>>> print(open('protein_2.txt').read())   # compact mmCIF, C-alpha atoms
# COMPACT_ATOMS: atom_id res chain seq x y z
CA MET A 1 -58.28 94.43 -48.45
CA SER A 2 -58.50 97.76 -46.59
CA GLY A 3 -58.77 101.43 -47.46
CA VAL A 4 -59.95 104.84 -46.28
CA ASP A 5 -63.45 106.15 -46.97
CA GLY A 6 -64.42 109.74 -47.72
CA GLY A 7 -64.82 110.51 -44.01
CA GLY A 8 -61.32 109.39 -43.16
CA ARG A 9 -62.48 106.10 -41.58
CA ARG A 10 -60.65 102.93 -42.40
CA SER A 11 -62.54 99.99 -43.82
CA ARG A 12 -61.73 96.47 -44.86
CA ASP A 13 -63.29 93.67 -46.86
CA ASP A 14 -63.96 90.64 -44.65
CA GLY A 15 -63.43 88.34 -47.64
CA ASN A 16 -67.17 87.78 -48.20
CA GLY A 17 -67.86 91.05 -49.97
CA VAL A 18 -69.09 92.78 -46.79
CA ILE A 19 -67.43 96.06 -45.91
CA MET A 20 -66.41 96.28 -42.25
CA ARG A 21 -65.81 99.80 -40.93
CA GLU A 22 -63.42 100.69 -38.13
CA GLY A 23 -63.85 103.49 -35.63
CA GLY A 24 -67.28 102.43 -34.35
CA GLY A 25 -69.08 102.31 -37.70
CA ARG A 26 -71.74 99.58 -38.27
CA SER A 27 -71.37 97.08 -41.08
CA ILE A 28 -74.08 96.33 -43.62
CA GLU A 29 -74.40 92.83 -42.18
CA SER A 30 -74.96 94.22 -38.70
CA ARG A 31 -77.69 96.51 -39.98
CA ARG A 32 -79.28 93.62 -41.82
CA ARG A 33 -79.39 91.60 -38.61
CA GLU A 34 -80.93 94.52 -36.75
CA ILE A 35 -83.60 94.99 -39.43
CA SER A 36 -84.32 91.26 -39.44
CA ARG A 37 -84.67 91.28 -35.65
CA ARG A 38 -87.08 94.20 -35.74
CA LEU A 39 -89.17 92.63 -38.49
CA LYS A 40 -89.35 89.44 -36.47
CA GLU A 41 -90.52 91.38 -33.40
CA ILE A 42 -93.19 93.13 -35.46
CA SER A 43 -94.30 89.81 -36.91
CA GLU A 44 -94.51 88.25 -33.43
CA ARG A 45 -96.55 91.17 -32.11
CA GLN A 46 -98.95 90.94 -35.06
CA LYS A 47 -99.24 87.19 -34.56
CA MET A 48 -99.97 87.70 -30.85
CA ARG A 49 -102.64 90.30 -31.63
CA ARG A 50 -104.30 87.93 -34.11
CA MET A 51 -104.24 85.13 -31.53
CA LYS A 52 -105.76 87.38 -28.85
CA SER A 53 -108.40 88.59 -31.28
CA ALA A 54 -109.28 85.01 -32.24
CA MET A 55 -109.36 83.97 -28.58
CA ARG A 56 -111.61 86.92 -27.74
CA ARG A 57 -114.04 85.97 -30.52
CA ARG A 58 -114.05 82.34 -29.38
CA HIS A 59 -114.66 83.28 -25.74
CA HIS A 60 -117.37 85.72 -26.78
CA MET A 61 -119.16 83.04 -28.80
CA VAL A 62 -118.97 80.50 -25.97
CA ALA A 63 -120.12 83.02 -23.37
CA SER A 64 -122.92 84.30 -25.59
CA ALA A 65 -124.20 80.78 -26.22
CA GLU A 66 -124.08 79.92 -22.51
CA ILE A 67 -125.88 83.12 -21.50
CA GLU A 68 -128.53 82.36 -24.13
CA ARG A 69 -128.97 78.84 -22.74
CA ILE A 70 -129.24 80.01 -19.12
CA SER A 71 -131.63 82.81 -20.04
CA ASN A 72 -133.95 80.42 -21.85
CA LEU A 73 -133.80 77.92 -19.00
CA LEU A 74 -134.62 80.51 -16.30
CA ALA A 75 -136.95 82.66 -18.43
CA ILE A 76 -134.68 85.68 -18.07
CA PRO A 77 -135.85 88.77 -20.04
CA ASP A 78 -133.89 89.84 -23.13
CA ARG A 79 -132.70 93.10 -21.54
CA ILE A 80 -131.15 91.16 -18.66
CA LYS A 81 -129.60 88.69 -21.09
CA GLU A 82 -127.99 91.58 -22.97
CA GLU A 83 -126.80 93.14 -19.71
CA SER A 84 -125.24 89.81 -18.72
CA LEU A 85 -123.22 89.73 -21.92
CA LEU A 86 -122.10 93.35 -21.44
CA ILE A 87 -120.90 92.55 -17.92
CA TYR A 88 -118.99 89.52 -19.21
CA GLN A 89 -117.37 91.63 -21.95
CA GLU A 90 -116.33 94.22 -19.38
CA ALA A 91 -114.84 91.45 -17.26
CA TRP A 92 -112.84 90.31 -20.29
CA ASN A 93 -111.65 93.87 -20.98
CA HIS A 94 -110.46 94.16 -17.38
CA ASP A 95 -108.67 90.79 -17.61
CA LEU A 96 -110.91 89.21 -14.97
CA ILE A 97 -111.55 86.06 -17.00
CA HIS A 98 -107.91 84.99 -17.03
CA GLY A 99 -107.39 82.10 -14.62
CA ARG A 100 -111.12 81.63 -14.04
CA SER A 101 -113.55 79.32 -15.80
CA ILE A 102 -115.90 80.75 -18.42
CA GLU A 103 -118.84 78.93 -16.78
CA ARG A 104 -118.20 80.56 -13.41
CA MET A 105 -117.84 84.07 -14.81
CA VAL A 106 -120.88 83.65 -17.08
CA ALA A 107 -122.99 82.49 -14.12
CA ALA A 108 -121.76 85.44 -12.05
CA SER A 109 -122.48 87.85 -14.91
CA VAL A 110 -126.06 86.60 -15.22
CA TYR A 111 -126.60 86.75 -11.45
CA ALA A 112 -125.11 90.27 -11.28
CA ALA A 113 -127.36 91.47 -14.12
CA CYS A 114 -130.41 90.04 -12.38
CA ARG A 115 -129.43 91.66 -9.08
CA LYS A 116 -128.71 94.98 -10.76
CA HIS A 117 -132.18 95.17 -12.29
CA ASN A 118 -134.10 93.49 -9.45
CA VAL A 119 -135.03 90.41 -11.46
CA PRO A 120 -135.42 87.63 -8.86
CA ARG A 121 -133.32 84.62 -9.72
CA THR A 122 -131.78 82.70 -6.86
CA LEU A 123 -128.27 81.36 -6.50
CA GLU A 124 -129.86 77.94 -6.25
CA GLU A 125 -131.47 78.37 -9.68
CA LEU A 126 -128.17 79.52 -11.19
CA GLU A 127 -126.38 76.57 -9.58
CA LYS A 128 -128.82 74.07 -11.11
CA ALA A 129 -128.68 75.75 -14.53
CA THR A 130 -124.89 76.07 -14.69
CA LYS A 131 -123.54 73.31 -12.40
CA VAL A 132 -121.40 76.01 -10.76
CA ALA A 133 -121.50 75.99 -6.95
CA ARG A 134 -123.39 78.80 -5.27
CA LYS A 135 -120.36 79.90 -3.27
CA ASP A 136 -118.29 80.13 -6.47
CA ILE A 137 -120.97 82.18 -8.22
CA MET A 138 -121.17 84.55 -5.26
CA ARG A 139 -117.39 84.84 -5.02
CA ALA A 140 -117.09 85.65 -8.73
CA CYS A 141 -119.99 88.09 -8.46
CA LYS A 142 -118.18 89.98 -5.70
CA ILE A 143 -115.11 90.23 -7.92
CA LEU A 144 -117.22 91.63 -10.76
CA ALA A 145 -118.96 94.10 -8.48
CA GLY A 146 -115.69 95.32 -6.97
CA ARG A 147 -113.58 95.57 -10.12
CA LEU A 148 -116.33 96.84 -12.45
CA SER A 149 -117.94 99.16 -9.86
CA LEU A 150 -121.32 97.46 -10.21
CA ARG A 151 -124.00 98.61 -7.82
CA LEU A 152 -125.90 95.53 -6.72
CA PRO A 153 -128.78 96.38 -4.36
CA PRO A 154 -129.51 94.00 -1.45
CA VAL A 155 -131.99 91.29 -2.33
CA SER A 156 -135.35 91.59 -0.57
CA PRO A 157 -137.41 88.49 0.29
CA LEU A 158 -140.36 90.27 -1.33
CA GLU A 159 -138.70 89.83 -4.73
CA TYR A 160 -138.95 86.04 -4.45
CA VAL A 161 -142.48 85.57 -3.12
CA SER A 162 -144.27 85.90 -6.45
CA ARG A 163 -141.79 83.58 -8.20
CA PHE A 164 -142.12 80.86 -5.56
CA CYS A 165 -145.92 81.10 -5.67
CA GLU A 166 -145.86 80.73 -9.45
CA LYS A 167 -143.70 77.61 -9.18
CA LEU A 168 -146.13 76.10 -6.69
CA ASN A 169 -149.17 77.20 -8.69
CA LEU A 170 -150.62 79.01 -5.67
CA ARG A 171 -153.52 81.43 -5.75
CA GLU A 172 -153.15 85.22 -5.76
CA LYS A 173 -154.56 85.27 -2.26
CA VAL A 174 -151.61 83.22 -1.02
CA ARG A 175 -149.11 85.54 -2.69
CA GLU A 176 -150.70 88.60 -1.10
CA LYS A 177 -150.68 86.97 2.34
CA ALA A 178 -147.05 85.87 1.97
CA GLU A 179 -146.01 89.40 0.99
CA GLU A 180 -147.89 90.74 4.01
CA ILE A 181 -145.95 88.37 6.25
CA VAL A 182 -142.61 89.38 4.69
CA ARG A 183 -143.38 93.09 5.12
CA ALA A 184 -144.20 92.53 8.79
CA ALA A 185 -140.93 90.62 9.23
CA LEU A 186 -138.98 93.42 7.53
CA GLU A 187 -140.60 96.09 9.70
CA ARG A 188 -139.65 94.21 12.86
CA ASN A 189 -136.15 93.48 11.55
CA ILE A 190 -136.69 89.74 11.89
CA THR A 191 -135.03 89.13 8.51
CA SER A 192 -131.63 90.53 9.51
CA GLY A 193 -128.89 87.96 8.95
CA ARG A 194 -131.29 85.51 7.28
CA GLY A 195 -131.19 84.51 3.63
CA PRO A 196 -133.90 86.25 1.58
CA THR A 197 -134.92 83.00 -0.11
CA SER A 198 -135.49 81.21 3.21
CA ILE A 199 -137.61 84.11 4.51
CA ALA A 200 -139.68 84.21 1.31
CA ALA A 201 -140.13 80.43 1.34
CA SER A 202 -141.21 80.47 4.98
CA ALA A 203 -143.72 83.24 4.33
CA VAL A 204 -145.16 81.33 1.37
CA TYR A 205 -145.42 78.15 3.44
CA ILE A 206 -147.21 79.94 6.28
CA ALA A 207 -149.50 81.86 3.89
CA ALA A 208 -150.46 78.66 2.07
CA MET A 209 -151.52 77.08 5.37
CA LEU A 210 -153.47 80.17 6.45
CA CYS A 211 -155.29 80.33 3.12
CA GLY A 212 -156.21 76.66 3.09
CA ASP A 213 -153.82 75.90 0.26
CA ARG A 214 -151.46 73.74 2.29
CA GLN A 215 -148.15 72.66 0.70
CA THR A 216 -145.61 70.12 1.86
CA GLN A 217 -142.34 71.41 3.25
CA LYS A 218 -140.54 69.41 0.60
CA ALA A 219 -142.44 71.11 -2.25
CA VAL A 220 -141.85 74.61 -0.90
CA ALA A 221 -138.21 73.90 -0.13
CA GLU A 222 -137.58 72.61 -3.65
CA ALA A 223 -139.34 75.60 -5.24
CA ALA A 224 -137.20 77.99 -3.21
CA GLY A 225 -133.95 76.04 -3.44
CA VAL A 226 -133.52 75.71 0.33
CA THR A 227 -133.34 72.66 2.55
CA GLU A 228 -136.38 71.36 4.41
CA VAL A 229 -134.49 71.84 7.68
CA THR A 230 -133.86 75.52 6.90
CA LEU A 231 -137.49 76.03 5.92
CA ARG A 232 -138.72 74.33 9.07
CA VAL A 233 -136.51 76.40 11.38
CA ARG A 234 -137.25 79.66 9.61
CA TYR A 235 -141.04 79.32 9.33
CA LYS A 236 -141.35 78.42 13.02
CA GLU A 237 -139.22 81.44 13.91
CA LEU A 238 -141.36 83.76 11.77
CA ALA A 239 -144.62 82.37 13.11
CA LYS A 240 -143.44 82.75 16.70
CA LYS A 241 -142.10 86.29 16.39
CA LEU A 242 -145.08 87.49 14.36
CA GLN A 243 -147.49 85.62 16.65
CA ILE A 244 -149.06 83.65 13.81
CA ASN A 245 -150.91 80.46 14.73
CA VAL A 246 -150.25 77.75 12.16
>>> encode(input="protein_2.txt", output="C-alpha cells")
Amino acid sequence: MSGVDGGGRRSRDDGNGVIMREGGGRSIESRRREISRRLKEISERQKMRRMKSAMRRRHHMVASAEIERISNLLAIPDRIKEESLLIYQEAWNHDLIHGRSIERMVAASVYAACRKHNVPRTLEELEKATKVARKDIMRACKILAGRLSLRLPPVSPLEYVSRFCEKLNLREKVREKAEEIVRAALERNITSGRGPTSIAASAVYIAAMLCGDRQTQKAVAEAAGVTEVTLRVRYKELAKKLQINV
C-alpha cells in the first residue's frame, strides 16, 4: 500500500507494518538499526573502560606488593618505596608497561628511585631480589629515565663503601680508609670507565688489609656483587696507581 505524506513524499507499507519512504527518507527500521548500533558501541566502550580499570587495579596491586617485598628485602626506606610506586604508575600512564613484564618494570622503578635519591642499592642486589637480569633492569631503567624525564645522577663508588663495610661487619676505621682511597681514585680519574661497585669493593678490600682487618676476596666480592676476578684486577690496579703497598 502506498500514499503521499504531508510533505509530498511518497511512502509505502512494506507488508510488515513498517513505513518505507521514497525520495531519500529513512525508514523507522533503519533508524532503529542505527540507534541499536550506537548503543552497542557505547556499551562496548563502557565495557572496555571497565576492563582497563580492573586491569589497572590488578597491575597496581601486583606492583605494590612486589615493591613492598623488594623494599623489605633490601631495607629500602619508605620514601624510596613510595617513589618507586609513583614511577611505576607514571610508566603505566605513559603505556610503558605494555609488552614488558611487571617484574622487570618494578625492578627498574625501584632502581631508578634509589638512583634518584642517592640510596645505594646495586644492580646485583636488585637482580638477586627480583630474579631479573641486571642488563634487563638497566635497559628498562633507561626507558623510564628517557620517557619520564627522570634525572638519575651518576653513581659514585663512595655511595657503596659504607654499605659494603656494613655487610662485612668491618670497623669504622676501615670504612674511613676505604673512602679515602676512593676519593684519591676519583681525584686522579682512575675510576673513569670502571663500575662504581668494583671500585668501592676494591677500596674496601685494600682498606681492610691496611687496617689489619683482612677479608677474603670471595667475601668482599659476594658483599659487593662482583666477581672475584673483577675484584682482583681492580684492586691491583688501584693499589698500583695510588702507590699503595698491600
>>> closest_residue(input="protein_2.txt", among="A:Arg139, A:Ile206, A:Glu228, A:Lys218", to="Asn245 of chain A", atoms="all atoms listed in the file")
A:Ile206
>>> atom_distance(input="protein_2.txt", atom1="atom CA of Asn118 of chain A", atom2="atom CA of Pro154 of chain A")
9.2 Å
>>> closest_atom_pairs(input="protein_2.txt", of="segment 108-158 of chain A", to="segment 195-205 of chain A", cutoff="8 Å", atoms="only C-alpha atoms", output="tab-separated table")
residue	atom	partner	partner_atom	distance
A:Thr122	CA	A:Thr197	CA	7.5
A:Val155	CA	A:Pro196	CA	6.7
A:Ser156	CA	A:Pro196	CA	5.9
A:Pro157	CA	A:Pro196	CA	4.4
A:Leu158	CA	A:Ala200	CA	6.6
>>> write_last_selection(input="protein_2.txt", atoms="C-alpha atoms", output="tab-separated table (two decimals), in the coordinates of the input")
chain	number	residue	atom	x	y	z
A	122	THR	CA	-131.78	82.70	-6.86
A	155	VAL	CA	-131.99	91.29	-2.33
A	156	SER	CA	-135.35	91.59	-0.57
A	157	PRO	CA	-137.41	88.49	0.29
A	158	LEU	CA	-140.36	90.27	-1.33
>>> closest_residue(input="protein_2.txt", among="A:Leu231, A:Ile80, A:Val106, A:Ala208", to="His59 of chain A", atoms="all atoms listed in the file")
A:Val106
>>> residues_near_point(input="protein_2.txt", point="(-113.4, 83.0, -12.2)", cutoff="7 Å", atoms="only C-alpha atoms", output="list in words")
Ile97, Gly99, Arg100, Ser101, Arg104, Met105 and Ala140 of chain A
>>> closest_residue(input="protein_2.txt", among="A:Ala207, A:Ala184, A:Ile190, A:Leu96", to="Leu144 of chain A", atoms="all atoms listed in the file")
A:Leu96
>>> decode(input="protein_2.txt", residues="segment 109-157 of chain A", atoms="C-alpha atoms", output="mmCIF file, in the first residue's frame")
data_model
loop_
_atom_site.group_PDB
_atom_site.id
_atom_site.type_symbol
_atom_site.label_atom_id
_atom_site.label_comp_id
_atom_site.auth_asym_id
_atom_site.auth_seq_id
_atom_site.Cartn_x
_atom_site.Cartn_y
_atom_site.Cartn_z
ATOM 1 C CA SER A 109 61.302 1.541 39.104
ATOM 2 C CA VAL A 110 62.932 0.617 42.418
ATOM 3 C CA TYR A 111 66.435 1.044 40.997
ATOM 4 C CA ALA A 112 65.505 4.405 39.434
ATOM 5 C CA ALA A 113 64.036 5.645 42.732
ATOM 6 C CA CYS A 114 67.193 4.614 44.580
ATOM 7 C CA ARG A 115 69.396 6.330 41.997
ATOM 8 C CA LYS A 116 67.263 9.460 42.034
ATOM 9 C CA HIS A 117 67.639 9.894 45.794
ATOM 10 C CA ASN A 118 71.208 8.568 46.123
ATOM 11 C CA VAL A 119 70.228 5.476 48.090
ATOM 12 C CA PRO A 120 72.939 2.901 47.276
ATOM 13 C CA ARG A 121 71.453 -0.335 46.053
ATOM 14 C CA THR A 122 73.360 -2.225 43.396
ATOM 15 C CA LEU A 123 72.069 -3.868 40.254
ATOM 16 C CA GLU A 124 73.399 -7.101 41.685
ATOM 17 C CA GLU A 125 71.193 -6.719 44.772
ATOM 18 C CA LEU A 126 68.148 -5.981 42.608
ATOM 19 C CA GLU A 127 68.944 -8.983 40.415
ATOM 20 C CA LYS A 128 69.072 -11.324 43.421
ATOM 21 C CA ALA A 129 65.885 -9.872 44.916
ATOM 22 C CA THR A 130 63.838 -9.929 41.705
ATOM 23 C CA LYS A 131 65.428 -12.658 39.544
ATOM 24 C CA VAL A 132 65.528 -10.087 36.730
ATOM 25 C CA ALA A 133 68.867 -9.877 34.910
ATOM 26 C CA ARG A 134 70.981 -6.798 35.558
ATOM 27 C CA LYS A 135 71.102 -5.881 31.876
ATOM 28 C CA ASP A 136 67.289 -6.035 31.679
ATOM 29 C CA ILE A 137 66.903 -3.842 34.761
ATOM 30 C CA MET A 138 69.324 -1.302 33.325
ATOM 31 C CA ARG A 139 67.639 -1.357 29.918
ATOM 32 C CA ALA A 140 64.206 -0.795 31.466
ATOM 33 C CA CYS A 141 65.626 1.922 33.714
ATOM 34 C CA LYS A 142 66.937 3.791 30.667
ATOM 35 C CA ILE A 143 63.473 3.608 29.111
ATOM 36 C CA LEU A 144 61.922 5.036 32.280
ATOM 37 C CA ALA A 145 64.516 7.795 32.513
ATOM 38 C CA GLY A 146 64.082 8.777 28.867
ATOM 39 C CA ARG A 147 60.294 8.644 28.606
ATOM 40 C CA LEU A 148 59.517 10.032 32.072
ATOM 41 C CA SER A 149 62.320 12.638 32.049
ATOM 42 C CA LEU A 150 63.853 11.251 35.241
ATOM 43 C CA ARG A 151 67.128 12.792 36.299
ATOM 44 C CA LEU A 152 69.320 9.980 37.562
ATOM 45 C CA PRO A 153 72.694 11.232 38.820
ATOM 46 C CA PRO A 154 75.801 9.113 38.126
ATOM 47 C CA VAL A 155 76.535 6.602 40.859
ATOM 48 C CA SER A 156 79.684 7.323 42.864
ATOM 49 C CA PRO A 157 81.747 4.484 44.378
#
